[in-house]
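Below you'll find the structure, written out as structure tokens, and then a few comments.
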There are 2 protein chains.
Amino acid sequence: MTAKRVPPAQLAPQLRDAITRLNRRVRQARPVGDLTVTQLSALTSLRLAGALTPRELADVERVQPPTMTKIVAKLEERGLVRRTPHPTDGRQVILSATEGGQAVLDQFERVRDEWLARRLAELTEPDRETLRQAAEILQQLARA
Amino acid sequence: MTAKRVPPAQLAPQLRDAITRLNRRVRQARPVGDLTVTQLSALTSLRLAGALTPRELADVERVQPPTMTKIVAKLEERGLVRRTPHPTDGRQVILSATEGGQAVLDQFERVRDEWLARRLAELTEPDRETLRQAAEILQQLARA
DNA sequence: CGGGTTCATTAGCTAGGCTAACTATTGTGA
DNA sequence: TCACAATAGTTAGCCTAGCTAATGAACCCG
């Protein structure tokens with residue numbers, strides 16, 4: 001794959017379409033049970049952090065608080081997340097993954113035949129390396 | 001950025017989260033007027049192809065026909081897309097971009113201060129090259 | 001101590017997807 | 001030639017994913 005200098009204004013539509021289409025495809029493939037990608041992502045962030053407030057989790061996931069309220073409600077309904085009162089501030093709650101939530105994530109991390117992992121396994125090593133680097137840059141862009 | 005061998009099962013969550021978060025961000029930034037990213041993408045595909053049936057456009061955009069029916073209805077409402085009867089098959093319609101639709105896309109292609117284009121302009125050339133290559137791979141994954 | 005700020009939630013909305021079912025049209029085989 | 005199967009697009013209904021504005025409870029600061 002030879003390098004071609006593509007100006008940002010031309011790369012933007014290409015990247016946007018790629019992101020849009022892959023996102024659709026990824027969302028259809030429920031990686032674990034019937035959790036949505038959004039729920040899975042929030043649960044993963046919660047587990048990585050140990051505990052977060054709804055506002056913090058919303059920030060990490062790049063959504064507004066009301067959206068996170070609903071996501072967390074679903075996870076709580078399924079027993080995957082617990083809420084505890086904030087030790088010093090009555091306005092806040094502390095969220096953490098329950099053992100059930102951790103188990104779901106453990107299972108997810110071991111899945112090798114999940115759609116995206118399988119597709120990635122079919123790529124060449126250099127292509128995977130490109131995507132690994134791209135993932136970091138894309139996360140950076142999302143934080144901008 | 002040194003290369004690190006990351007197995008596919010580990011890369012999958014990283015890539016998925018990156019895609020999910022950037023997709024959210026990209027959707028908030030309406031690149032042209034008040035067209036959504038989905039509408040813009042469909043209109044772009046239509047313009048590139050010259051004319052497509054709803055089924056064909058749905059295939060290109062990786063959505064189901066009922067979804068494309070609704071997307072096209074919105075574009076038609078705004079006078080950006082026209083429907084014409086199929087010359088030989090009464091079941092089908094032919095979709096094409098109107099002059100208004102083409103003008104919108106011309107305008108979009110000239111926008112340099114659109115959010116994503118600006119973010120990309122701020123990256124290093126090697127990072128942009130990584131994303132250019134990644135966009136191709138991601139499109140390929142979306143077609144899988 | 002009162003007003004402003006913060007936190008999370010609720011209400012209401014749009015967009016984006018899907019499946020199942022439907023209607024109209026075409027194609028095929030007996 | 002006709003009946004049935006298949007196809008194309010749409011409609012209905014549903015769920016997910018987001019947002020903003022408003023609300024109530026709690027906290028902070030002058």
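All residue names refer to the structure tokens as shown: chains lettered A, B, ... in order, residues numbered from 1 in each chain, ligands numbered from 1 in order.
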
Just asking: which residues within chain A are strand (DSSP E or B) according to DSSP, as a PyMOL selection string? chain A and resi 52+81-85+93-97

Those selected residues, please, written with all heavy atoms and delivered as a JSON list (two decimals), in the first residue's frame.
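The new file out-v3.json reads:
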[["chain", "number", "residue", "atom", "x", "y", "z"],
["A", 52, "LEU", "N", -16.89, 4.90, 39.29],
["A", 52, "LEU", "CA", -17.02, 6.24, 38.70],
["A", 52, "LEU", "C", -18.39, 6.80, 39.06],
["A", 52, "LEU", "O", -19.32, 6.03, 39.30],
["A", 52, "LEU", "CB", -16.92, 6.17, 37.17],
["A", 52, "LEU", "CG", -15.59, 5.81, 36.50],
["A", 52, "LEU", "CD1", -15.79, 5.53, 35.02],
["A", 52, "LEU", "CD2", -14.57, 6.93, 36.70],
["A", 81, "VAL", "N", -24.40, -3.63, 37.19],
["A", 81, "VAL", "CA", -23.83, -2.41, 37.78],
["A", 81, "VAL", "C", -24.56, -2.15, 39.09],
["A", 81, "VAL", "O", -25.74, -2.44, 39.21],
["A", 81, "VAL", "CB", -24.04, -1.24, 36.79],
["A", 81, "VAL", "CG1", -24.14, 0.08, 37.52],
["A", 81, "VAL", "CG2", -22.93, -1.21, 35.77],
["A", 82, "ARG", "N", -23.83, -1.64, 40.07],
["A", 82, "ARG", "CA", -24.49, -1.26, 41.33],
["A", 82, "ARG", "C", -24.26, 0.22, 41.61],
["A", 82, "ARG", "O", -23.25, 0.80, 41.19],
["A", 82, "ARG", "CB", -23.98, -2.10, 42.49],
["A", 82, "ARG", "CG", -22.78, -1.50, 43.20],
["A", 82, "ARG", "CD", -22.50, -2.16, 44.55],
["A", 82, "ARG", "NE", -22.49, -3.61, 44.48],
["A", 82, "ARG", "CZ", -21.47, -4.36, 44.02],
["A", 82, "ARG", "NH1", -20.37, -3.81, 43.59],
["A", 82, "ARG", "NH2", -21.58, -5.66, 43.99],
["A", 83, "ARG", "N", -25.21, 0.81, 42.27],
["A", 83, "ARG", "CA", -25.09, 2.20, 42.70],
["A", 83, "ARG", "C", -24.92, 2.22, 44.21],
["A", 83, "ARG", "O", -25.60, 1.51, 44.92],
["A", 83, "ARG", "CB", -26.41, 2.95, 42.45],
["A", 83, "ARG", "CG", -26.87, 3.08, 41.08],
["A", 83, "ARG", "CD", -28.35, 3.44, 41.13],
["A", 83, "ARG", "NE", -28.83, 3.63, 39.79],
["A", 83, "ARG", "CZ", -28.74, 4.79, 39.14],
["A", 83, "ARG", "NH1", -28.21, 5.83, 39.74],
["A", 83, "ARG", "NH2", -29.17, 4.90, 37.92],
["A", 84, "THR", "N", -24.00, 3.04, 44.67],
["A", 84, "THR", "CA", -23.89, 3.26, 46.12],
["A", 84, "THR", "C", -23.86, 4.76, 46.36],
["A", 84, "THR", "O", -23.40, 5.53, 45.52],
["A", 84, "THR", "CB", -22.62, 2.60, 46.70],
["A", 84, "THR", "OG1", -21.48, 3.07, 45.96],
["A", 84, "THR", "CG2", -22.67, 1.09, 46.60],
["A", 85, "PRO", "N", -24.36, 5.20, 47.51],
["A", 85, "PRO", "CA", -24.36, 6.62, 47.82],
["A", 85, "PRO", "C", -22.93, 7.14, 47.92],
["A", 85, "PRO", "O", -22.01, 6.42, 48.31],
["A", 85, "PRO", "CB", -25.04, 6.71, 49.18],
["A", 85, "PRO", "CG", -25.78, 5.41, 49.33],
["A", 85, "PRO", "CD", -24.99, 4.39, 48.56],
["A", 93, "VAL", "N", -23.81, 9.69, 43.02],
["A", 93, "VAL", "CA", -23.80, 8.26, 43.33],
["A", 93, "VAL", "C", -22.51, 7.67, 42.78],
["A", 93, "VAL", "O", -21.90, 8.22, 41.87],
["A", 93, "VAL", "CB", -25.01, 7.50, 42.72],
["A", 93, "VAL", "CG1", -26.30, 7.91, 43.39],
["A", 93, "VAL", "CG2", -25.09, 7.71, 41.22],
["A", 94, "ILE", "N", -22.10, 6.57, 43.33],
["A", 94, "ILE", "CA", -20.92, 5.85, 42.87],
["A", 94, "ILE", "C", -21.37, 4.60, 42.15],
["A", 94, "ILE", "O", -22.15, 3.81, 42.68],
["A", 94, "ILE", "CB", -20.02, 5.44, 44.07],
["A", 94, "ILE", "CG1", -19.60, 6.67, 44.87],
["A", 94, "ILE", "CG2", -18.82, 4.66, 43.57],
["A", 94, "ILE", "CD1", -18.66, 7.57, 44.17],
["A", 95, "LEU", "N", -20.87, 4.42, 40.94],
["A", 95, "LEU", "CA", -21.20, 3.25, 40.16],
["A", 95, "LEU", "C", -20.02, 2.29, 40.14],
["A", 95, "LEU", "O", -18.87, 2.71, 40.07],
["A", 95, "LEU", "CB", -21.50, 3.66, 38.70],
["A", 95, "LEU", "CG", -22.56, 4.72, 38.48],
["A", 95, "LEU", "CD1", -22.55, 5.16, 37.02],
["A", 95, "LEU", "CD2", -23.93, 4.18, 38.89],
["A", 96, "SER", "N", -20.36, 1.03, 40.20],
["A", 96, "SER", "CA", -19.30, 0.03, 40.03],
["A", 96, "SER", "C", -19.90, -1.21, 39.40],
["A", 96, "SER", "O", -21.11, -1.43, 39.46],
["A", 96, "SER", "CB", -18.64, -0.31, 41.37],
["A", 96, "SER", "OG", -19.60, -0.72, 42.31],
["A", 97, "ALA", "N", -19.03, -2.01, 38.79],
["A", 97, "ALA", "CA", -19.47, -3.25, 38.17],
["A", 97, "ALA", "C", -19.71, -4.28, 39.27],
["A", 97, "ALA", "O", -18.92, -4.42, 40.19],
["A", 97, "ALA", "CB", -18.43, -3.75, 37.19]]

Residue contacts of region 19-29 of chain B (10 Å, only C-alpha atoms (C1' of nucleotides)) excluding same-chain residues fewer than 5 positions away, as a JSON list (two decimals) with N, CA and C atoms (P, O5', C5', C4', C3', O3' and C1' of nucleotides), in the first residue's frame:
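The resulting file, result24.json, is reproduced below:
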[["chain", "number", "residue", "atom", "x", "y", "z"],
["A", 16, "ARG", "N", -15.01, 9.41, 7.59],
["A", 16, "ARG", "CA", -16.35, 9.47, 8.16],
["A", 16, "ARG", "C", -17.22, 8.31, 7.63],
["A", 17, "ASP", "N", -17.18, 8.09, 6.34],
["A", 17, "ASP", "CA", -17.97, 7.00, 5.79],
["A", 17, "ASP", "C", -17.50, 5.65, 6.32],
["A", 18, "ALA", "N", -16.20, 5.49, 6.43],
["A", 18, "ALA", "CA", -15.67, 4.22, 6.95],
["A", 18, "ALA", "C", -16.15, 3.99, 8.38],
["A", 19, "ILE", "N", -16.05, 5.05, 9.20],
["A", 19, "ILE", "CA", -16.48, 4.97, 10.60],
["A", 19, "ILE", "C", -17.98, 4.66, 10.68],
["A", 20, "THR", "N", -18.78, 5.36, 9.88],
["A", 20, "THR", "CA", -20.23, 5.19, 9.91],
["A", 20, "THR", "C", -20.62, 3.77, 9.55],
["A", 21, "ARG", "N", -20.04, 3.28, 8.47],
["A", 21, "ARG", "CA", -20.44, 1.95, 8.00],
["A", 21, "ARG", "C", -19.96, 0.85, 8.91],
["A", 22, "LEU", "N", -18.72, 0.99, 9.40],
["A", 22, "LEU", "CA", -18.24, -0.06, 10.30],
["A", 22, "LEU", "C", -19.01, -0.03, 11.61],
["A", 23, "ASN", "N", -19.35, 1.17, 12.05],
["A", 23, "ASN", "CA", -20.11, 1.28, 13.30],
["A", 23, "ASN", "C", -21.46, 0.56, 13.19],
["A", 24, "ARG", "N", -22.12, 0.71, 12.06],
["A", 24, "ARG", "CA", -23.36, -0.03, 11.84],
["A", 24, "ARG", "C", -23.14, -1.53, 11.95],
["A", 26, "VAL", "N", -20.69, -3.18, 13.35],
["A", 26, "VAL", "CA", -20.25, -3.58, 14.68],
["A", 26, "VAL", "C", -21.42, -3.64, 15.65],
["A", 27, "ARG", "N", -22.37, -2.71, 15.50],
["A", 27, "ARG", "CA", -23.52, -2.66, 16.39],
["A", 27, "ARG", "C", -24.47, -3.83, 16.19],
["A", 37, "VAL", "N", -23.41, -2.51, 22.17],
["A", 37, "VAL", "CA", -22.04, -2.03, 22.16],
["A", 37, "VAL", "C", -21.87, -0.87, 23.15],
["A", 38, "THR", "N", -22.88, -0.01, 23.22],
["A", 38, "THR", "CA", -22.84, 1.12, 24.13],
["A", 38, "THR", "C", -22.78, 0.66, 25.58],
["A", 41, "SER", "N", -19.38, -0.97, 26.34],
["A", 41, "SER", "CA", -18.33, 0.02, 26.46],
["A", 41, "SER", "C", -18.38, 0.70, 27.83],
["A", 60, "VAL", "N", -16.10, 9.97, 30.15],
["A", 60, "VAL", "CA", -15.23, 8.96, 29.55],
["A", 60, "VAL", "C", -15.84, 8.45, 28.23],
["A", 61, "GLU", "N", -17.15, 8.21, 28.25],
["A", 61, "GLU", "CA", -17.80, 7.64, 27.07],
["A", 61, "GLU", "C", -18.22, 8.68, 26.04],
["A", 62, "ARG", "N", -17.97, 9.96, 26.32],
["A", 62, "ARG", "CA", -18.29, 11.04, 25.40],
["A", 62, "ARG", "C", -19.80, 11.14, 25.13],
["A", 63, "VAL", "N", -20.61, 11.01, 26.17],
["A", 63, "VAL", "CA", -22.04, 11.28, 26.01],
["A", 63, "VAL", "C", -22.49, 12.26, 27.09],
["A", 135, "ALA", "N", -6.50, 3.21, 15.91],
["A", 135, "ALA", "CA", -7.41, 3.22, 17.07],
["A", 135, "ALA", "C", -6.98, 4.28, 18.08],
["A", 138, "LEU", "N", -7.79, 7.67, 16.59],
["A", 138, "LEU", "CA", -9.24, 7.90, 16.57],
["A", 138, "LEU", "C", -9.75, 8.25, 17.98],
["A", 139, "GLN", "N", -9.22, 7.57, 19.01],
["A", 139, "GLN", "CA", -9.59, 7.90, 20.39],
["A", 139, "GLN", "C", -9.21, 9.34, 20.69],
["A", 140, "GLN", "N", -8.05, 9.74, 20.25],
["A", 140, "GLN", "CA", -7.56, 11.10, 20.44],
["A", 140, "GLN", "C", -8.48, 12.10, 19.74],
["A", 141, "LEU", "N", -8.89, 11.78, 18.53],
["A", 141, "LEU", "CA", -9.81, 12.65, 17.80],
["A", 141, "LEU", "C", -11.15, 12.76, 18.54],
["A", 142, "ALA", "N", -11.62, 11.65, 19.09],
["A", 142, "ALA", "CA", -12.91, 11.64, 19.79],
["A", 142, "ALA", "C", -12.86, 12.52, 21.03],
["A", 143, "ARG", "N", -11.66, 12.66, 21.59],
["A", 143, "ARG", "CA", -11.52, 13.49, 22.80],
["A", 143, "ARG", "C", -11.38, 14.96, 22.47],
["A", 144, "ALA", "N", -11.11, 15.27, 21.23],
["A", 144, "ALA", "CA", -10.88, 16.66, 20.84],
["A", 144, "ALA", "C", -12.09, 17.56, 21.16],
["B", 13, "PRO", "N", -11.74, -4.83, 21.00],
["B", 13, "PRO", "CA", -12.37, -3.86, 21.91],
["B", 13, "PRO", "C", -11.81, -2.46, 21.75],
["B", 14, "GLN", "N", -10.52, -2.37, 21.53],
["B", 14, "GLN", "CA", -9.90, -1.05, 21.38],
["B", 14, "GLN", "C", -10.47, -0.34, 20.15],
["B", 34, "ASP", "N", -27.98, 21.25, 7.85],
["B", 34, "ASP", "CA", -28.52, 20.40, 8.90],
["B", 34, "ASP", "C", -28.71, 18.96, 8.42],
["B", 36, "THR", "N", -27.90, 15.13, 8.24],
["B", 36, "THR", "CA", -27.20, 14.22, 9.15],
["B", 36, "THR", "C", -26.10, 13.50, 8.38],
["B", 37, "VAL", "N", -25.21, 12.88, 9.13],
["B", 37, "VAL", "CA", -24.11, 12.15, 8.52],
["B", 37, "VAL", "C", -24.64, 11.03, 7.62],
["B", 38, "THR", "N", -25.70, 10.38, 8.08],
["B", 38, "THR", "CA", -26.31, 9.30, 7.31],
["B", 38, "THR", "C", -26.86, 9.81, 5.98],
["B", 114, "GLU", "N", -14.76, 22.32, 8.46],
["B", 114, "GLU", "CA", -15.65, 21.31, 9.03],
["B", 114, "GLU", "C", -14.88, 20.57, 10.13],
["B", 115, "TRP", "N", -15.59, 20.19, 11.16],
["B", 115, "TRP", "CA", -14.93, 19.67, 12.37],
["B", 115, "TRP", "C", -13.87, 18.61, 12.09],
["B", 116, "LEU", "N", -14.26, 17.55, 11.39],
["B", 116, "LEU", "CA", -13.34, 16.43, 11.19],
["B", 116, "LEU", "C", -12.14, 16.84, 10.33],
["B", 138, "LEU", "N", -10.96, -0.27, 7.13],
["B", 138, "LEU", "CA", -12.25, -0.23, 7.83],
["B", 138, "LEU", "C", -13.41, -0.41, 6.85],
["D", 17, "DA", "P", -27.72, 1.11, 22.43],
["D", 17, "DA", "O5'", -27.79, 2.60, 21.86],
["D", 17, "DA", "C5'", -27.48, 2.84, 20.51],
["D", 17, "DA", "C4'", -27.47, 4.33, 20.27],
["D", 17, "DA", "C3'", -26.77, 5.14, 21.36],
["D", 17, "DA", "O3'", -25.94, 6.09, 20.72],
["D", 17, "DA", "C1'", -28.91, 6.02, 20.94],
["D", 18, "DG", "P", -24.58, 6.48, 21.36],
["D", 18, "DG", "O5'", -24.65, 8.03, 21.52],
["D", 18, "DG", "C5'", -25.37, 8.78, 22.24],
["D", 18, "DG", "C4'", -26.17, 9.86, 21.58],
["D", 18, "DG", "C3'", -26.43, 11.02, 22.53],
["D", 18, "DG", "O3'", -25.34, 11.91, 22.47],
["D", 18, "DG", "C1'", -28.40, 10.46, 21.35],
["D", 19, "DC", "P", -25.11, 12.96, 23.62],
["D", 19, "DC", "O5'", -26.16, 14.10, 23.27],
["D", 19, "DC", "C5'", -26.13, 14.74, 22.00],
["D", 19, "DC", "C4'", -27.38, 15.60, 21.85],
["D", 19, "DC", "C3'", -27.58, 16.58, 23.00],
["D", 19, "DC", "O3'", -27.06, 17.84, 22.65],
["D", 19, "DC", "C1'", -29.60, 15.40, 22.51]]

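Using only C-alpha atoms (C1' of nucleotides), the protein and nucleic acid residues lying no more than 10 Å from DA21 (chain D), apart from those fewer than 2 places from it along its own chain, are DA11 and DG12 of chain C; DT23 of chain D.
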
DSSP helix (DSSP H, G or I) residues within region 60-105 of chain A, as a list in words: Val60, Glu61, Pro65, Pro66, Thr67, Met68, Thr69, Lys70, Ile71, Val72, Ala73, Lys74, Leu75, Glu76, Glu77, Glu99, Gly100, Gly101, Gln102, Ala103, Val104 and Leu105 of chain A

Give me, as a list in words, the contact residues of chain B against chain D at a cut-off of 10 Å, counting only C-alpha atoms (C1' of nucleotides).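 Interface list for chain B against chain D: Arg24, Arg27, Gln28, Thr53, Pro54, Arg55, Pro65, Pro66, Met68, Thr69, Lys70, Asp89, Gly90, Arg91, Gln92 and Val93 of chain B.
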
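Compared by their closest atoms to chain C, and using only C-alpha atoms (C1' of nucleotides), the residues B:Ala117, B:Ala9, B:Leu35, B:Leu15 rank with B:Leu35 nearest.
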
Could you check the closest approach to chain C for each of B:Arg119, B:Arg132, B:Arg5, B:Lys74 and tell me which residue wins, using only C-alpha atoms (C1' of nucleotides)?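 So, comparing all the options, the nearest one is B:Lys74.
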
Point out the residue among C:DT6, C:DT14, C:DT25, C:DT19 with the least atom-to-atom distance to chain A, counting only C-alpha atoms (C1' of nucleotides). C:DT6

Compile the residues of chain C that lie within 9 Å of chain B, evaluated using only C-alpha atoms (C1' of nucleotides), and express the compilation as a ChimeraX atom specification. /C:15-18,24-26

Can you write out the residues you just picked, keeping N, CA, C and O atoms (P, O5', C5', C4', C3', O3' and C1' of nucleotides), as an mmCIF file, in the first residue's frame?
data_model
loop_
_atom_site.group_PDB
_atom_site.id
_atom_site.type_symbol
_atom_site.label_atom_id
_atom_site.label_comp_id
_atom_site.auth_asym_id
_atom_site.auth_seq_id
_atom_site.Cartn_x
_atom_site.Cartn_y
_atom_site.Cartn_z
ATOM 1 P P DA C 15 -34.733 14.272 12.625
ATOM 2 O "O5'" DA C 15 -33.707 13.092 12.901
ATOM 3 C "C5'" DA C 15 -32.456 13.396 13.486
ATOM 4 C "C4'" DA C 15 -31.666 12.123 13.643
ATOM 5 C "C3'" DA C 15 -31.651 11.247 12.397
ATOM 6 O "O3'" DA C 15 -30.299 10.879 12.166
ATOM 7 C "C1'" DA C 15 -32.357 9.981 14.291
ATOM 8 P P DG C 16 -29.896 10.034 10.905
ATOM 9 O "O5'" DG C 16 -29.922 8.563 11.517
ATOM 10 C "C5'" DG C 16 -29.018 8.253 12.561
ATOM 11 C "C4'" DG C 16 -29.176 6.796 12.918
ATOM 12 C "C3'" DG C 16 -29.240 5.880 11.697
ATOM 13 O "O3'" DG C 16 -28.408 4.762 11.978
ATOM 14 C "C1'" DG C 16 -31.048 5.449 13.136
ATOM 15 P P DG C 17 -27.535 4.062 10.893
ATOM 16 O "O5'" DG C 17 -27.948 2.557 10.908
ATOM 17 C "C5'" DG C 17 -29.185 2.087 10.600
ATOM 18 C "C4'" DG C 17 -29.691 1.097 11.613
ATOM 19 C "C3'" DG C 17 -30.570 0.037 10.960
ATOM 20 O "O3'" DG C 17 -29.742 -1.023 10.530
ATOM 21 C "C1'" DG C 17 -31.599 0.903 12.918
ATOM 22 P P DC C 18 -30.250 -2.046 9.462
ATOM 23 O "O5'" DC C 18 -31.211 -2.997 10.306
ATOM 24 C "C5'" DC C 18 -30.726 -3.694 11.449
ATOM 25 C "C4'" DC C 18 -31.891 -4.299 12.211
ATOM 26 C "C3'" DC C 18 -32.792 -5.163 11.345
ATOM 27 O "O3'" DC C 18 -32.442 -6.524 11.478
ATOM 28 C "C1'" DC C 18 -34.095 -3.643 12.655
ATOM 29 P P DA C 24 -51.994 -2.766 -4.165
ATOM 30 O "O5'" DA C 24 -50.775 -2.789 -5.208
ATOM 31 C "C5'" DA C 24 -49.821 -1.742 -5.160
ATOM 32 C "C4'" DA C 24 -48.681 -2.088 -6.080
ATOM 33 C "C3'" DA C 24 -49.118 -2.590 -7.448
ATOM 34 O "O3'" DA C 24 -48.340 -1.920 -8.419
ATOM 35 C "C1'" DA C 24 -47.632 -4.149 -6.450
ATOM 36 P P DT C 25 -48.635 -2.112 -9.974
ATOM 37 O "O5'" DT C 25 -47.432 -3.056 -10.420
ATOM 38 C "C5'" DT C 25 -46.106 -2.641 -10.149
ATOM 39 C "C4'" DT C 25 -45.168 -3.790 -10.434
ATOM 40 C "C3'" DT C 25 -45.371 -4.444 -11.793
ATOM 41 O "O3'" DT C 25 -44.213 -4.214 -12.568
ATOM 42 C "C1'" DT C 25 -45.052 -6.049 -10.058
ATOM 43 P P DT C 26 -44.113 -4.781 -14.062
ATOM 44 O "O5'" DT C 26 -43.261 -6.111 -13.795
ATOM 45 C "C5'" DT C 26 -42.021 -5.992 -13.107
ATOM 46 C "C4'" DT C 26 -41.436 -7.365 -12.888
ATOM 47 C "C3'" DT C 26 -41.302 -8.208 -14.159
ATOM 48 O "O3'" DT C 26 -39.970 -8.695 -14.186
ATOM 49 C "C1'" DT C 26 -42.389 -9.442 -12.459
#

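The gap separating CA of Pro8 (chain B) from CA of Glu99 (chain A) is 26.0 Å, in Å to one decimal.
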
When you count only C-alpha atoms, which of these residues is closest to chain A: B:Thr130, B:Ser45, B:Gln39, B:Gln107? B:Thr130

Which value, in Å to one decimal, gives the distance between CA of Arg47 (chain B) and CA of Asp59 (chain B)?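 Between CA of Arg47 (chain B) and CA of Asp59 (chain B) the gap works out to 15.2 Å.
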
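The smallest atom-to-atom distance between Arg30 (chain A) and any of A:Leu123, A:Val111, A:Ala134, A:Leu57, using only C-alpha atoms, is found for A:Val111.
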
Using only C-alpha atoms, which of B:His86, B:Ala58, B:Gly33, B:Thr98 sits nearest chain A?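 Among the listed residues, the smallest separation from chain A belongs to B:Ala58.
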
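In this model, the gap between CA of Val32 (chain A) and CA of Leu46 (chain A) comes to 16.6 Å.
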